[in-house]
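Notes follow the structure.
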Amino acid sequence: MSDSETAKAAARREKARRAPAKWLLAPAVIFLLVWMIVPLAMTAYYSARNYNLMMPSITGWAGWTNYRILWGDPTFWSALGVTLLIVLVCLIVTVGLGLALALLFHRNFVGRGVARTLAVAPFFVMPVVTGLIWKNMLFHPAYGLLAWLFRTLGLEPVDWLAQFPLASIITMISWEWTPFAMLVLLTGLQSLPEDQLEAVRLDGANKWHEFRHIVIPHLGQVLYVVVMLESIFFLTSFAEIYTTTSGGPGTATTNLAYYIFQGTFVQYDIGVSSAAAIGAVILANIFAIFLIRFVAGNLNAGEAR
């Protein structure tokens, strides 16, 4: 038997060996496809129809009408701006604080285990509970902790949710997700090769050079994971807004998720809400594409250096 025939026979045997694995994976793949595609297809279908629960007599195809209504709605564009602002600011805050805490807890000091546990605790608090804690225990202008602190210092308490609503929402979300960034980055730091650090120290590098040229490149893939996962959750932030500001004052804290909720369960306009949901899906994909290219470009540049 020639070498080519031997190679073909080996390829056939390998293909036959892998065939059962494909059939075992098929149910899970089909389930995931149905789980994702069916809701998306139904949303696209209703976005092209006249479907308002308050006006059941008005039915039929709407074509692009719902999208034109959405395009001309200033509240939608305001919600889009609020959504992007929440995502960008929360990413900067959570990744920055998470990296600082990860560097801190990577060091040995007395009580590090207890401090780590306390730092991680906010991540395990449900979003609804997070909103209620900040609204009633911290931000309340009469009996909140911050109000008591201001009065103790002789200052006038601040109604945070009324005067600084969007900053308050960003604070809640950042408080909840900073521990996640810290945990993932701390895991990456624990795999940092000590021999590289010792080598650059022997070469006379200071702490900044060590951080810039060793730590950050080593955490490149980890930072990519943190940014991607957090972006997905920040784009769909809802519970914190629902339990605290209800999208107000006015539309100051109405993001896309809350805008869709209001259109569906307040105005009962399923058609326009479905069009907004399709817009949110498109936004998420555009954001993900640009983010992937940006992060991948930085990683490739770091490897080239």
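Starting from 1 in every chain, residues are counted up; chains themselves are A, B, ... following the order of the structure tokens, and ligands are numbered from 1 as listed.
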List the spatial neighbours of Val226 in chain A as a compact mmCIF listing (two decimals) with all heavy atoms, in the first residue's frame - criterion: any atom at most 9 Å away, only C-alpha atoms, same-chain residues fewer than 4 positions off excluded.
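Here's the written file result_22.txt:
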```
# COMPACT_ATOMS: atom_id res chain seq x y z
N VAL A 95 -13.31 47.69 35.25
CA VAL A 95 -12.01 47.12 34.87
C VAL A 95 -10.88 47.82 35.62
O VAL A 95 -9.95 47.17 36.10
CB VAL A 95 -11.81 47.23 33.34
CG1 VAL A 95 -10.40 46.78 32.95
CG2 VAL A 95 -12.84 46.37 32.61
N PHE A 180 -16.46 40.88 39.93
CA PHE A 180 -16.28 39.92 38.84
C PHE A 180 -14.97 40.18 38.11
O PHE A 180 -14.18 39.26 37.85
CB PHE A 180 -17.46 40.00 37.87
CG PHE A 180 -17.26 39.20 36.61
CD1 PHE A 180 -17.45 37.83 36.63
CD2 PHE A 180 -16.90 39.82 35.43
CE1 PHE A 180 -17.26 37.08 35.47
CE2 PHE A 180 -16.72 39.08 34.27
CZ PHE A 180 -16.90 37.70 34.29
N ALA A 181 -14.74 41.45 37.76
CA ALA A 181 -13.48 41.81 37.09
C ALA A 181 -12.29 41.48 37.98
O ALA A 181 -11.26 40.97 37.51
CB ALA A 181 -13.49 43.29 36.72
N VAL A 184 -11.60 37.54 38.00
CA VAL A 184 -10.99 37.03 36.76
C VAL A 184 -9.56 37.53 36.61
O VAL A 184 -8.65 36.77 36.25
CB VAL A 184 -11.86 37.44 35.55
CG1 VAL A 184 -11.24 36.91 34.27
CG2 VAL A 184 -13.28 36.90 35.70
N LEU A 185 -9.33 38.81 36.89
CA LEU A 185 -7.99 39.36 36.76
C LEU A 185 -7.04 38.78 37.82
O LEU A 185 -5.85 38.58 37.54
CB LEU A 185 -8.04 40.88 36.87
CG LEU A 185 -8.75 41.59 35.71
CD1 LEU A 185 -8.92 43.07 36.02
CD2 LEU A 185 -7.98 41.41 34.41
N GLN A 221 -5.45 38.55 27.33
CA GLN A 221 -6.59 37.67 27.04
C GLN A 221 -7.63 37.74 28.15
O GLN A 221 -8.83 37.67 27.90
CB GLN A 221 -6.10 36.23 26.87
CG GLN A 221 -5.18 36.02 25.67
CD GLN A 221 -5.91 36.11 24.34
OE1 GLN A 221 -7.13 36.09 24.30
NE2 GLN A 221 -5.16 36.24 23.27
N VAL A 222 -7.17 37.86 29.39
CA VAL A 222 -8.10 37.93 30.52
C VAL A 222 -8.92 39.21 30.45
O VAL A 222 -10.14 39.20 30.69
CB VAL A 222 -7.33 37.84 31.85
CG1 VAL A 222 -8.28 37.90 33.03
CG2 VAL A 222 -6.51 36.56 31.89
N GLU A 230 -18.72 41.58 30.47
CA GLU A 230 -19.36 42.70 31.14
C GLU A 230 -20.15 43.56 30.15
O GLU A 230 -21.22 44.08 30.49
CB GLU A 230 -18.31 43.55 31.87
CG GLU A 230 -17.77 42.88 33.11
CD GLU A 230 -16.99 43.84 33.99
OE1 GLU A 230 -16.64 44.93 33.49
OE2 GLU A 230 -16.75 43.50 35.16
N SER A 231 -19.66 43.72 28.94
CA SER A 231 -20.39 44.51 27.94
C SER A 231 -21.75 43.91 27.66
O SER A 231 -22.74 44.63 27.53
CB SER A 231 -19.58 44.59 26.64
OG SER A 231 -18.35 45.23 26.86
```
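Closest approach to Ala167 in chain A among A:Ser274, A:Asn66, A:Thr253, A:Asn52 is made by A:Thr253 (distances from only C-alpha atoms).
A straight line drawn from CA of Tyr268 in chain A to CA of Ser246 in chain A is 17.1 Å long.
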With a cut-off of 7 Å, could you pull out the residues of range 145-261 of chain A touching range 100-119 of chain A and give me the nearest pair of atoms for each, distance in Å to one decimal, using only C-alpha atoms, ordered by chain and ascending number, as a Markdown table?
```
| residue | atom | partner | partner_atom | distance |
| --- | --- | --- | --- | --- |
| A:Pro179 | CA | A:Ala119 | CA | 6.3 |
| A:Met182 | CA | A:Ala102 | CA | 5.1 |
| A:Leu185 | CA | A:Ala102 | CA | 6.1 |
| A:Leu186 | CA | A:Ala102 | CA | 4.7 |
```
Run DSSP on the backbone and tell me which residues of range 190-255 of chain A come out as alpha helix (DSSP H); list them as a PyMOL selection string.
chain A and resi 190+194-202+207-210+216-218+220-235+239-244
Name all residues at most 12 Å from Leu80 in chain A (count only C-alpha atoms; drop same-chain ones fewer than 6 positions away) and give them as a compact mmCIF listing (two decimals) with N, CA and C atoms, in the first residue's frame.
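Result saved to around-v8.txt:
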```txt
# COMPACT_ATOMS: atom_id res chain seq x y z
N LEU A 70 -39.94 54.18 15.32
CA LEU A 70 -38.80 54.11 16.24
C LEU A 70 -37.74 55.14 15.85
N TRP A 71 -37.47 55.27 14.58
CA TRP A 71 -36.46 56.22 14.09
C TRP A 71 -36.82 57.66 14.46
N ASP A 73 -38.60 58.59 17.09
CA ASP A 73 -38.91 58.73 18.51
C ASP A 73 -37.67 59.24 19.25
N PRO A 74 -37.70 60.46 19.76
CA PRO A 74 -36.52 60.98 20.47
C PRO A 74 -36.19 60.19 21.74
N ILE A 86 -23.77 54.08 29.88
CA ILE A 86 -23.68 53.13 30.99
C ILE A 86 -22.61 52.08 30.70
N VAL A 87 -22.61 51.55 29.47
CA VAL A 87 -21.65 50.51 29.12
C VAL A 87 -20.22 51.03 29.20
N LEU A 235 -25.19 46.05 28.57
CA LEU A 235 -26.16 46.41 27.53
C LEU A 235 -27.58 46.05 27.92
N THR A 236 -27.73 45.08 28.80
CA THR A 236 -29.07 44.62 29.19
C THR A 236 -29.42 44.98 30.63
N THR A 251 -36.64 60.79 31.23
CA THR A 251 -36.00 59.64 30.58
C THR A 251 -34.50 59.63 30.87
N ALA A 252 -34.11 60.22 32.00
CA ALA A 252 -32.68 60.38 32.30
C ALA A 252 -31.97 59.04 32.46
N THR A 253 -32.68 58.00 32.94
CA THR A 253 -32.05 56.69 33.15
C THR A 253 -32.75 55.60 32.35
N THR A 254 -33.47 55.98 31.31
CA THR A 254 -34.14 54.99 30.46
C THR A 254 -33.15 54.47 29.43
N ASN A 255 -32.72 53.24 29.60
CA ASN A 255 -31.85 52.61 28.60
C ASN A 255 -32.70 51.77 27.65
N LEU A 256 -32.06 51.07 26.73
CA LEU A 256 -32.82 50.31 25.73
C LEU A 256 -33.66 49.21 26.37
N ALA A 257 -33.10 48.52 27.36
CA ALA A 257 -33.85 47.45 28.01
C ALA A 257 -35.11 47.99 28.68
N TYR A 258 -34.99 49.12 29.37
CA TYR A 258 -36.16 49.69 30.03
C TYR A 258 -37.12 50.31 29.02
N TYR A 259 -36.60 50.84 27.92
CA TYR A 259 -37.45 51.38 26.85
C TYR A 259 -38.32 50.28 26.25
N ILE A 260 -37.73 49.11 26.01
CA ILE A 260 -38.49 47.98 25.48
C ILE A 260 -39.52 47.51 26.49
N ALA A 276 -37.70 47.78 18.46
CA ALA A 276 -36.64 48.27 19.36
C ALA A 276 -35.73 47.13 19.80
N ALA A 277 -36.31 45.94 20.02
CA ALA A 277 -35.51 44.79 20.41
C ALA A 277 -34.56 44.38 19.28
N GLY A 279 -33.38 46.44 17.10
CA GLY A 279 -32.36 47.48 17.14
C GLY A 279 -31.32 47.22 18.22
N ALA A 280 -31.78 46.71 19.38
CA ALA A 280 -30.85 46.39 20.46
C ALA A 280 -29.92 45.25 20.07
N ILE A 282 -28.99 44.51 16.98
CA ILE A 282 -28.04 45.07 16.02
C ILE A 282 -26.96 45.88 16.73
N LEU A 283 -27.38 46.69 17.73
CA LEU A 283 -26.41 47.48 18.49
C LEU A 283 -25.42 46.58 19.20
N ALA A 284 -25.90 45.50 19.82
CA ALA A 284 -25.01 44.60 20.55
C ALA A 284 -24.00 43.96 19.61
```
Need the shell around Pro249 in chain A: protein/DNA/RNA residues with any atom at most 12 Å away, counting only C-alpha atoms. Skip same-chain ones fewer than 3 positions apart. Format as a VMD selection string?
chain A and resid 160 to 166 241 244 to 246 252 to 254
Those same residues, written as a short mmCIF file (atom, residue, chain, number, x, y, z; two decimals), in the first residue's frame with N, CA, C and O atoms?
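This went into out-v8.cif:
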```
data_model
loop_
_atom_site.label_atom_id
_atom_site.label_comp_id
_atom_site.auth_asym_id
_atom_site.auth_seq_id
_atom_site.Cartn_x
_atom_site.Cartn_y
_atom_site.Cartn_z
N TRP A 160 -29.74 61.65 45.81
CA TRP A 160 -28.89 61.19 44.72
C TRP A 160 -29.70 60.72 43.52
O TRP A 160 -29.36 61.03 42.37
N LEU A 161 -30.76 59.96 43.76
CA LEU A 161 -31.53 59.40 42.66
C LEU A 161 -32.31 60.46 41.89
O LEU A 161 -32.69 60.25 40.74
N ALA A 162 -32.57 61.61 42.52
CA ALA A 162 -33.29 62.69 41.84
C ALA A 162 -32.34 63.68 41.18
O ALA A 162 -32.59 64.15 40.08
N GLN A 163 -31.22 63.98 41.86
CA GLN A 163 -30.30 64.98 41.34
C GLN A 163 -29.21 64.39 40.44
O GLN A 163 -28.77 65.04 39.50
N PHE A 164 -28.78 63.18 40.74
CA PHE A 164 -27.75 62.52 39.94
C PHE A 164 -28.20 61.10 39.60
O PHE A 164 -27.57 60.12 40.02
N PRO A 165 -29.28 60.97 38.85
CA PRO A 165 -29.86 59.63 38.63
C PRO A 165 -28.95 58.69 37.84
O PRO A 165 -28.76 57.53 38.24
N LEU A 166 -28.40 59.17 36.73
CA LEU A 166 -27.58 58.29 35.90
C LEU A 166 -26.28 57.91 36.60
O LEU A 166 -25.84 56.76 36.53
N ILE A 241 -32.40 49.77 37.37
CA ILE A 241 -33.20 50.92 36.95
C ILE A 241 -34.66 50.74 37.38
O ILE A 241 -35.30 51.68 37.87
N THR A 244 -35.20 51.40 41.21
CA THR A 244 -34.77 52.66 41.81
C THR A 244 -35.40 53.88 41.14
O THR A 244 -36.16 54.62 41.76
N THR A 245 -35.12 54.11 39.87
CA THR A 245 -35.55 55.35 39.22
C THR A 245 -36.73 55.16 38.28
O THR A 245 -37.33 56.14 37.85
N SER A 246 -37.02 53.91 37.89
CA SER A 246 -38.07 53.62 36.89
C SER A 246 -37.86 54.42 35.60
O SER A 246 -38.80 54.91 34.99
N ALA A 252 -34.11 60.22 32.00
CA ALA A 252 -32.68 60.38 32.30
C ALA A 252 -31.97 59.04 32.46
O ALA A 252 -30.78 58.93 32.17
N THR A 253 -32.68 58.00 32.94
CA THR A 253 -32.05 56.69 33.15
C THR A 253 -32.75 55.60 32.35
O THR A 253 -32.64 54.43 32.68
N THR A 254 -33.47 55.98 31.31
CA THR A 254 -34.14 54.99 30.46
C THR A 254 -33.15 54.47 29.43
O THR A 254 -32.77 55.19 28.50
#
```
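Comparing the minimum interatomic distances between Ala48 in chain A and each of A:Ile69, A:Val82, A:Ile30, A:Met126, counting only C-alpha atoms, we find that A:Ile69 sits nearest.
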Can you pull out the residues contacting Trp175 in chain A? Cut-off 8 Å, using only C-alpha atoms, and skip same-chain residues under 3 positions away; I want them as a count of residues only.
6
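Minimum atom-to-atom distance to Thr83 in chain A, evaluated using only C-alpha atoms, belongs to A:Phe287 out of A:Trp208, A:Phe287, A:Trp177, A:Phe294.
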So which residues touch Tyr46 in chain A within 8 Å, counting only C-alpha atoms, skipping near sequence neighbours fewer than 4 positions away, as an MDAnalysis selection string?
chainID A and resid 42 50:51 270:271 274:275
Within 9 Å of range 191-202 of chain A, counting only C-alpha atoms, which residues show up once you throw out same-chain ones fewer than 4 positions away? Write them as a ChimeraX atom specification, please.
/A:186-187,206-207,209-210,214-215,218-219
